[in-house]
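Heads up: the structure comes next, in structure tokens.
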Number of protein chains: 4
Amino acid sequence: MRLSLVASTDPADYGFVHRIRTRFAETDAMGVIHHGAYVPYLEEARAELLRHGGHPYDEVRAAGVDFAVLELFVQYLLPLRFGELVEVNAAVGRITRATFQVAYLLRVGDETRCTAVTVHGAVDAAGRATRLPPWLAGATGTDHR
Amino acid sequence: MRLSLVASTDPADYGFVHRIRTRFAETDAMGVIHHGAYVPYLEEARAELLRHGGHPYDEVRAAGVDFAVLELFVQYLLPLRFGELVEVNAAVGRITRATFQVAYLLRVGDETRCTAVTVHGAVDAAGRATRLPPWLAGATGTDHR
Amino acid sequence: MRLSLVASTDPADYGFVHRIRTRFAETDAMGVIHHGAYVPYLEEARAELLRHGGHPYDEVRAAGVDFAVLELFVQYLLPLRFGELVEVNAAVGRITRATFQVAYLLRVGDETRCTAVTVHGAVDAAGRATRLPPWLAGATGTDHR
Amino acid sequence: MRLSLVASTDPADYGFVHRIRTRFAETDAMGVIHHGAYVPYLEEARAELLRHGGHPYDEVRAAGVDFAVLELFVQYLLPLRFGELVEVNAAVGRITRATFQVAYLLRVGDETRCTAVTVHGAVDAAGRATRLPPWLAGATGTDHR
């Protein structure tokens with residue numbers, strides 16, 4: 001297990017927030033957002049974090065690097081419901097030569113609904129592990145422990 | 001609109017059937033399978049139809065041809081529910097030089113739940129329209145009108 | 001087939017537009033947005049159209065009415081790609097006592113990518129057909145033919 | 001973090017296996033199965049594990065109990081590709097009065113592709129935590145550490 005970051009429940013520990021409106025297609029027969037639908041929320045926030053940092057993911061990919069997901073950890077604290085506007089806080093942390101981790105905090109209003117951490121590895125077009133791009137390797141990752 | 005095939009509600013009009021168990025992830029807050037989840041059911045049945053005919057879709061793609069979806073029509077007659085085993089009947093029809101249509105009938109037991117038609121065009125790796133592979137162009141499409 | 005509306009490719013024929021950023025999770029191995037991922041786009045635009053009209057879908061549902069999807073027709077004209085900002089134009093048309101139709105036009109910049117029509121029926125909490133809510137039954141549907 | 005089970009990579013440590021054919025709709029623009037698509041695979045295997053044990057999840061739900069997902073951990077070791085037949089091994093472990101954990105091992109042929117653990121809590125129809133059903137509380141959970 002590479003995953004070592006702990007996702008803080010304090011939004012002040014995150015430097016970036018992205019808002020996502022939940023979709024009806026993402027609900028399930030329990031009347032709440034299905035737990036699998038959170039994974040694209042994390043990914044969308046991650047993509048917006050890259051865009052915000054001047055490195056849109058489609059440009060990263062066009063430059064020959066993909067960020068494969070190596071590990072995923074999600075804690076579901078309170079359900080999300082259809083039509084809610086979710087604040088997805090995100091912060092990069094724990095950067096190695098070839099991997100980085102991202103912590104997430106999902107809130108609706110002042111209420112914590114979910115935390116998550118993903119671990120990513122840079123891979124080339126053939127799927128082989130490669131070094132992180134310099135702009136990312138040089139970033140100072142926030143450590144939330 | 002290229003779509004011209006009419007999907008029969010008589011399973012005898014189809015030469016192929018594929019069974020799919022609905023997933024809980026595919027339900028929505030109305031307590032039934034979400035209407036968007038049917039689209040992968042049609043695609044899975046289409047892929048199994050190709051496999052059954054000796055042309056698995058991954059081999060078709062490896063040979064440089066993709067079957068882009070040009071049009072999609074779905075009629076939702078009765079809802080599907082979680083845990084049901086759906087019989088997806090499928091038949092190819094209306095073949096032109098560059099396109100073909102597929103009709104679908106979804107049943108649970110003897111009950112018709114849904115019919116659908118998709119229209120496909122052969123495209124090369126760059127996404128340009130191309131001729132259908134010979135094995136498909138030569139097929140005698142069943143016309144369900 | 002109840003579907004009778006024809007979706008115009010002129011954005012001036014629509015009174016409402018909703019913007020959606022495509023997700024990486026929605027791409028497929030052809031490198032474009034998967035055709036099934038458009039269905040939630042249509043649904044999200046429809047929900048925002050209702051919200052815009054003062055009738056958020058969660059309130060509609062809380063009042064005991066669901067809008068079941070009876071039919072779906074999508075024409076895929078040009079592919080959508082990851083990271084694109086899609087303008088989903090939507091307009092209600094062809095209202096009967098128990099059903100209504102919605103037309104959609106998906107554009108990126110000035111380029112038409114997709115048109116679609118959905119047909120909906122009002123159902124009560126038990127899934128039985130019921131009358132449309134008065135605020136919707138009284139609406140003047142735009143006819144795009 | 002309630003998650004404490006470690007998913008073994010030895011199929012002999014699991015008493016149940018369920019086969020899932022990957023769908024084209026589940027691929028992404030990296031040409032492999034999207035990491036979010038694994039979550040429904042785990043859920044489908046879990047549902048089949050319950051069915052195999054004589055307790056189909058729709059009957060469990062009809063009896064007034066839902067198994068909410070509290071935590072999810074996935075390790076992606078090698079990618080899954082379109083058309084592959086995945087063996088999802090699953091085993092229940094670490095049962096408390098109100099929660100249980102499930103470990104998963106995903107293989108194609110003899111190759112380990114992924115391991116995962118989910119943590120579940122029994123909830124009633126209103127979403128409140130409740131005791132596990134007796135048939136589950138009495139199960140002897142396999143501990144894979």
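Within each chain, counting starts at residue 1; across the structure tokens, chains are named A, B, ... in the order shown, with ligands numbered 1 upward in that order.
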- Item | Contacts of D:Leu77 within 10 Å, only C-alpha atoms, excl. fewer than 6 positions in-chain, as a ChimeraX atom specification | /A:69-71 /D:106,111-115
Store the residues picked out above, limited to C-alpha atoms, as a PDB file, in the first residue's frame.
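Dumped everything to part-v2.pdb:
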```pdb
ATOM      1  CA  VAL A  69      -4.590   5.627 -10.708  1.00  0.00           C
ATOM      2  CA  LEU A  70      -2.653   3.193  -8.514  1.00  0.00           C
ATOM      3  CA  GLU A  71      -4.762   3.296  -5.365  1.00  0.00           C
TER       4      GLU A  71
ATOM      5  CA  LEU D 106      -9.510  -9.669  -9.498  1.00  0.00           C
ATOM      6  CA  GLU D 111      -2.606 -12.791 -13.492  1.00  0.00           C
ATOM      7  CA  THR D 112      -3.513 -10.597 -10.530  1.00  0.00           C
ATOM      8  CA  ARG D 113      -4.945  -7.313 -11.773  1.00  0.00           C
ATOM      9  CA  CYS D 114      -6.486  -5.711  -8.716  1.00  0.00           C
ATOM     10  CA  THR D 115      -7.300  -6.174  -5.042  1.00  0.00           C
TER      11      THR D 115
END
```
- For chain A, work out the contacting residues on chain C at 7 Å, counting only C-alpha atoms, and write them as a PyMOL selection string. chain C and resi 23+25+40+44+58+83
Print the selection's residues with all heavy atoms to a file, as a PDB file, in the first residue's frame.
```pdb
ATOM      1  N   ARG C  23     -16.165  14.688 -18.875  1.00  0.00           N
ATOM      2  CA  ARG C  23     -15.284  14.060 -17.883  1.00  0.00           C
ATOM      3  C   ARG C  23     -14.396  13.009 -18.543  1.00  0.00           C
ATOM      4  O   ARG C  23     -14.840  12.336 -19.470  1.00  0.00           O
ATOM      5  CB  ARG C  23     -16.119  13.368 -16.806  1.00  0.00           C
ATOM      6  CG  ARG C  23     -16.951  14.304 -15.971  1.00  0.00           C
ATOM      7  CD  ARG C  23     -17.870  13.516 -15.039  1.00  0.00           C
ATOM      8  NE  ARG C  23     -18.555  14.427 -14.124  1.00  0.00           N
ATOM      9  CZ  ARG C  23     -19.518  14.067 -13.291  1.00  0.00           C
ATOM     10  NH1 ARG C  23     -19.916  12.804 -13.245  1.00  0.00           N
ATOM     11  NH2 ARG C  23     -20.094  14.943 -12.497  1.00  0.00           N
ATOM     12  N   ALA C  25     -13.752  10.200 -17.223  1.00  0.00           N
ATOM     13  CA  ALA C  25     -14.458   8.934 -16.973  1.00  0.00           C
ATOM     14  C   ALA C  25     -15.451   8.617 -18.080  1.00  0.00           C
ATOM     15  O   ALA C  25     -15.864   7.472 -18.237  1.00  0.00           O
ATOM     16  CB  ALA C  25     -15.189   8.989 -15.639  1.00  0.00           C
ATOM     17  N   PRO C  40     -26.823  11.021 -19.594  1.00  0.00           N
ATOM     18  CA  PRO C  40     -26.825  11.906 -18.416  1.00  0.00           C
ATOM     19  C   PRO C  40     -26.651  13.400 -18.763  1.00  0.00           C
ATOM     20  O   PRO C  40     -27.124  14.242 -18.007  1.00  0.00           O
ATOM     21  CB  PRO C  40     -25.634  11.396 -17.587  1.00  0.00           C
ATOM     22  CG  PRO C  40     -25.517   9.958 -17.969  1.00  0.00           C
ATOM     23  CD  PRO C  40     -25.867   9.910 -19.437  1.00  0.00           C
ATOM     24  N   GLU C  44     -29.134  16.042 -17.264  1.00  0.00           N
ATOM     25  CA  GLU C  44     -28.671  17.181 -16.469  1.00  0.00           C
ATOM     26  C   GLU C  44     -29.225  18.494 -17.038  1.00  0.00           C
ATOM     27  O   GLU C  44     -29.664  19.369 -16.284  1.00  0.00           O
ATOM     28  CB  GLU C  44     -27.129  17.217 -16.443  1.00  0.00           C
ATOM     29  CG  GLU C  44     -26.590  18.369 -15.610  1.00  0.00           C
ATOM     30  CD  GLU C  44     -25.069  18.334 -15.458  1.00  0.00           C
ATOM     31  OE1 GLU C  44     -24.510  17.245 -15.268  1.00  0.00           O
ATOM     32  OE2 GLU C  44     -24.444  19.428 -15.532  1.00  0.00           O
ATOM     33  N   ASP C  58     -36.006  17.840  -7.777  1.00  0.00           N
ATOM     34  CA  ASP C  58     -36.174  17.205  -6.465  1.00  0.00           C
ATOM     35  C   ASP C  58     -37.474  17.673  -5.805  1.00  0.00           C
ATOM     36  O   ASP C  58     -38.129  16.891  -5.114  1.00  0.00           O
ATOM     37  CB  ASP C  58     -34.947  17.415  -5.560  1.00  0.00           C
ATOM     38  CG  ASP C  58     -34.427  18.840  -5.580  1.00  0.00           C
ATOM     39  OD1 ASP C  58     -34.946  19.661  -6.350  1.00  0.00           O
ATOM     40  OD2 ASP C  58     -33.491  19.142  -4.821  1.00  0.00           O
ATOM     41  N   GLY C  83     -12.597  17.133 -21.902  1.00  0.00           N
ATOM     42  CA  GLY C  83     -12.209  18.486 -21.535  1.00  0.00           C
ATOM     43  C   GLY C  83     -12.981  19.565 -22.270  1.00  0.00           C
ATOM     44  O   GLY C  83     -12.852  20.743 -21.935  1.00  0.00           O
TER      45      GLY C  83
END
```
- Which value, in Å to one decimal, gives the distance between atom CA of D:Leu85 and atom CA of B:His55?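 So the answer is 16.6 Å.
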Could you give me, as a compact mmCIF listing (two decimals) with all heavy atoms, in the first residue's frame, the residues within 9 Å of A:His120, counting only C-alpha atoms and dropping anything in the same chain fewer than 3 positions from it?
```
# COMPACT_ATOMS: atom_id res chain seq x y z
N PHE A 67 -1.64 9.99 -16.02
CA PHE A 67 -1.51 9.75 -14.59
C PHE A 67 -2.41 8.58 -14.22
O PHE A 67 -3.60 8.76 -13.94
CB PHE A 67 -1.92 11.00 -13.80
CG PHE A 67 -1.01 12.18 -14.02
CD1 PHE A 67 -1.52 13.47 -14.12
CD2 PHE A 67 0.37 12.02 -14.12
CE1 PHE A 67 -0.68 14.56 -14.30
CE2 PHE A 67 1.22 13.11 -14.31
CZ PHE A 67 0.68 14.37 -14.41
N ALA A 68 -1.85 7.38 -14.25
CA ALA A 68 -2.64 6.20 -13.91
C ALA A 68 -3.00 6.23 -12.43
O ALA A 68 -2.21 6.70 -11.60
CB ALA A 68 -1.84 4.94 -14.24
N VAL A 69 -4.18 5.73 -12.11
CA VAL A 69 -4.59 5.63 -10.71
C VAL A 69 -4.05 4.30 -10.16
O VAL A 69 -4.35 3.24 -10.70
CB VAL A 69 -6.12 5.67 -10.57
CG1 VAL A 69 -6.53 5.53 -9.12
CG2 VAL A 69 -6.66 6.98 -11.14
N LEU A 70 -3.23 4.39 -9.12
CA LEU A 70 -2.65 3.19 -8.51
C LEU A 70 -3.47 2.71 -7.32
O LEU A 70 -3.60 1.51 -7.10
CB LEU A 70 -1.21 3.47 -8.06
CG LEU A 70 -0.26 4.00 -9.15
CD1 LEU A 70 1.13 4.23 -8.55
CD2 LEU A 70 -0.18 3.04 -10.33
N GLU A 71 -3.97 3.65 -6.55
CA GLU A 71 -4.76 3.30 -5.37
C GLU A 71 -5.85 4.33 -5.16
O GLU A 71 -5.70 5.50 -5.52
CB GLU A 71 -3.87 3.23 -4.12
CG GLU A 71 -2.81 2.13 -4.20
CD GLU A 71 -1.97 2.01 -2.93
OE1 GLU A 71 -2.27 2.70 -1.94
OE2 GLU A 71 -1.01 1.22 -2.95
N ALA A 98 8.05 9.24 -9.13
CA ALA A 98 7.14 8.72 -10.14
C ALA A 98 5.68 8.71 -9.71
O ALA A 98 4.81 8.33 -10.49
CB ALA A 98 7.57 7.30 -10.53
N THR A 99 5.40 9.11 -8.47
CA THR A 99 4.01 9.07 -7.99
C THR A 99 3.65 10.34 -7.22
O THR A 99 4.53 11.06 -6.74
CB THR A 99 3.76 7.88 -7.03
OG1 THR A 99 4.44 8.13 -5.79
CG2 THR A 99 4.26 6.56 -7.62
N PHE A 100 2.36 10.58 -7.11
CA PHE A 100 1.88 11.64 -6.22
C PHE A 100 0.53 11.23 -5.66
O PHE A 100 -0.15 10.35 -6.21
CB PHE A 100 1.78 12.99 -6.94
CG PHE A 100 0.82 13.04 -8.08
CD1 PHE A 100 -0.46 13.54 -7.92
CD2 PHE A 100 1.20 12.59 -9.34
CE1 PHE A 100 -1.35 13.59 -8.99
CE2 PHE A 100 0.32 12.63 -10.41
CZ PHE A 100 -0.97 13.12 -10.24
N GLN A 101 0.16 11.83 -4.54
CA GLN A 101 -1.11 11.52 -3.90
C GLN A 101 -1.97 12.78 -3.88
O GLN A 101 -1.45 13.90 -3.87
CB GLN A 101 -0.88 11.00 -2.47
CG GLN A 101 0.00 9.74 -2.47
CD GLN A 101 0.09 9.03 -1.11
OE1 GLN A 101 -0.76 9.20 -0.25
NE2 GLN A 101 1.13 8.23 -0.95
N VAL A 102 -3.27 12.60 -3.92
CA VAL A 102 -4.20 13.72 -3.84
C VAL A 102 -5.22 13.42 -2.74
O VAL A 102 -5.75 12.30 -2.68
CB VAL A 102 -4.93 13.96 -5.18
CG1 VAL A 102 -5.83 15.20 -5.10
CG2 VAL A 102 -3.94 14.10 -6.33
```
- Can you list, as an NGL selection string, all residues belonging to stretch 34-75 of chain D that DSSP tags as strand (DSSP E)? :D and (66-75)
Spatial neighbours of C:Val32, 7 Å, only C-alpha atoms, chain gap at least 3 places, as a JSON list (two decimals) with all heavy atoms, in the first residue's frame:
```json
[["chain", "number", "residue", "atom", "x", "y", "z"],
["C", 27, "THR", "N", -14.92, 9.15, -21.35],
["C", 27, "THR", "CA", -14.27, 8.76, -22.61],
["C", 27, "THR", "C", -14.29, 7.24, -22.75],
["C", 27, "THR", "O", -14.55, 6.51, -21.80],
["C", 27, "THR", "CB", -12.79, 9.22, -22.64],
["C", 27, "THR", "OG1", -12.09, 8.61, -21.55],
["C", 27, "THR", "CG2", -12.67, 10.73, -22.53],
["C", 28, "ASP", "N", -14.01, 6.77, -23.98],
["C", 28, "ASP", "CA", -13.86, 5.34, -24.19],
["C", 28, "ASP", "C", -12.58, 5.09, -24.99],
["C", 28, "ASP", "O", -11.83, 6.02, -25.29],
["C", 28, "ASP", "CB", -15.09, 4.73, -24.87],
["C", 28, "ASP", "CG", -15.31, 5.24, -26.30],
["C", 28, "ASP", "OD1", -14.34, 5.70, -26.94],
["C", 28, "ASP", "OD2", -16.45, 5.16, -26.77],
["C", 79, "PRO", "N", -17.95, 13.70, -32.86],
["C", 79, "PRO", "CA", -17.65, 13.26, -31.49],
["C", 79, "PRO", "C", -17.39, 14.42, -30.53],
["C", 79, "PRO", "O", -16.98, 15.50, -30.92],
["C", 79, "PRO", "CB", -16.38, 12.41, -31.67],
["C", 79, "PRO", "CG", -15.85, 12.70, -33.02],
["C", 79, "PRO", "CD", -16.97, 13.23, -33.85],
["C", 80, "LEU", "N", -17.65, 14.16, -29.26],
["C", 80, "LEU", "CA", -17.22, 15.06, -28.17],
["C", 80, "LEU", "C", -15.92, 14.51, -27.62],
["C", 80, "LEU", "O", -15.71, 13.29, -27.61],
["C", 80, "LEU", "CB", -18.28, 15.08, -27.06],
["C", 80, "LEU", "CG", -19.60, 15.75, -27.39],
["C", 80, "LEU", "CD1", -20.60, 15.52, -26.25],
["C", 80, "LEU", "CD2", -19.40, 17.24, -27.62],
["C", 81, "ARG", "N", -15.05, 15.40, -27.15],
["C", 81, "ARG", "CA", -13.77, 14.98, -26.62],
["C", 81, "ARG", "C", -13.60, 15.40, -25.16],
["C", 81, "ARG", "O", -14.28, 16.30, -24.69],
["C", 81, "ARG", "CB", -12.63, 15.58, -27.49],
["C", 81, "ARG", "CG", -12.70, 15.02, -28.89],
["C", 81, "ARG", "CD", -11.62, 15.48, -29.83],
["C", 81, "ARG", "NE", -11.92, 14.97, -31.16],
["C", 81, "ARG", "CZ", -11.72, 13.71, -31.54],
["C", 81, "ARG", "NH1", -11.16, 12.85, -30.73],
["C", 81, "ARG", "NH2", -12.05, 13.32, -32.75],
["C", 82, "PHE", "N", -12.70, 14.74, -24.48],
["C", 82, "PHE", "CA", -12.43, 15.04, -23.07],
["C", 82, "PHE", "C", -12.01, 16.49, -22.88],
["C", 82, "PHE", "O", -11.16, 17.00, -23.62],
["C", 82, "PHE", "CB", -11.32, 14.12, -22.55],
["C", 82, "PHE", "CG", -10.77, 14.57, -21.23],
["C", 82, "PHE", "CD1", -11.60, 14.70, -20.13],
["C", 82, "PHE", "CD2", -9.43, 14.89, -21.10],
["C", 82, "PHE", "CE1", -11.10, 15.14, -18.91],
["C", 82, "PHE", "CE2", -8.92, 15.33, -19.88],
["C", 82, "PHE", "CZ", -9.76, 15.46, -18.79],
["D", 29, "ALA", "N", -10.08, 6.70, -22.45],
["D", 29, "ALA", "CA", -9.20, 7.12, -23.54],
["D", 29, "ALA", "C", -7.76, 6.63, -23.35],
["D", 29, "ALA", "O", -6.93, 6.80, -24.25],
["D", 29, "ALA", "CB", -9.24, 8.64, -23.68]]
```
- Task: Would you list the contacts of B:Asp66 as a PyMOL selection string, taking every protein, DNA or RNA residue within 10 Å and counting only C-alpha atoms, but skipping same-chain residues closer than 2 positions in sequence?
- Result: (chain B and resi 57-58+60-64+68-69+120-130+132) or (chain C and resi 30)
- Based on DSSP run over this structure's backbone, return all residues of stretch 2-140 of chain C in helix (DSSP H, G or I), as an MDAnalysis selection string. chainID C and resid 11:13 24:26 35:52 57:62 134:137
Grab the residues selected above and save them as a compact mmCIF listing (two decimals), in the first residue's frame with C-alpha atoms.
```txt
# COMPACT_ATOMS: atom_id res chain seq x y z
CA PRO C 11 -29.58 27.43 -31.24
CA ALA C 12 -32.01 30.33 -31.77
CA ASP C 13 -34.83 27.75 -31.67
CA PHE C 24 -12.36 11.74 -18.50
CA ALA C 25 -14.46 8.93 -16.97
CA GLU C 26 -16.85 9.44 -19.89
CA HIS C 35 -22.18 7.47 -26.73
CA GLY C 36 -23.87 6.29 -23.54
CA ALA C 37 -22.43 9.22 -21.57
CA TYR C 38 -24.60 11.65 -23.53
CA VAL C 39 -27.75 10.36 -21.79
CA PRO C 40 -26.83 11.91 -18.42
CA TYR C 41 -25.89 15.14 -20.27
CA LEU C 42 -29.44 15.36 -21.63
CA GLU C 43 -30.85 14.58 -18.19
CA GLU C 44 -28.67 17.18 -16.47
CA ALA C 45 -29.75 19.84 -19.00
CA ARG C 46 -33.40 18.84 -18.46
CA ALA C 47 -33.00 19.14 -14.68
CA GLU C 48 -31.40 22.57 -15.06
CA LEU C 49 -34.21 23.62 -17.44
CA LEU C 50 -36.73 22.70 -14.73
CA ARG C 51 -34.68 24.51 -12.05
CA HIS C 52 -34.47 27.55 -14.34
CA TYR C 57 -36.73 18.19 -10.09
CA ASP C 58 -36.17 17.20 -6.47
CA GLU C 59 -39.18 19.39 -5.53
CA VAL C 60 -41.21 17.91 -8.39
CA ARG C 61 -40.39 14.44 -7.05
CA ALA C 62 -41.11 15.49 -3.44
CA PRO C 134 -50.49 22.19 -14.03
CA TRP C 135 -47.41 24.43 -14.41
CA LEU C 136 -46.09 22.10 -17.11
CA ALA C 137 -49.41 21.24 -18.78
```
- Task: Enter the distance from atom CA of A:Val86 to atom CA of D:Ala103, in Å, rounded to one decimal.
- Result: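 Taking atom CA of A:Val86 and atom CA of D:Ala103, their separation equals 29.7 Å.
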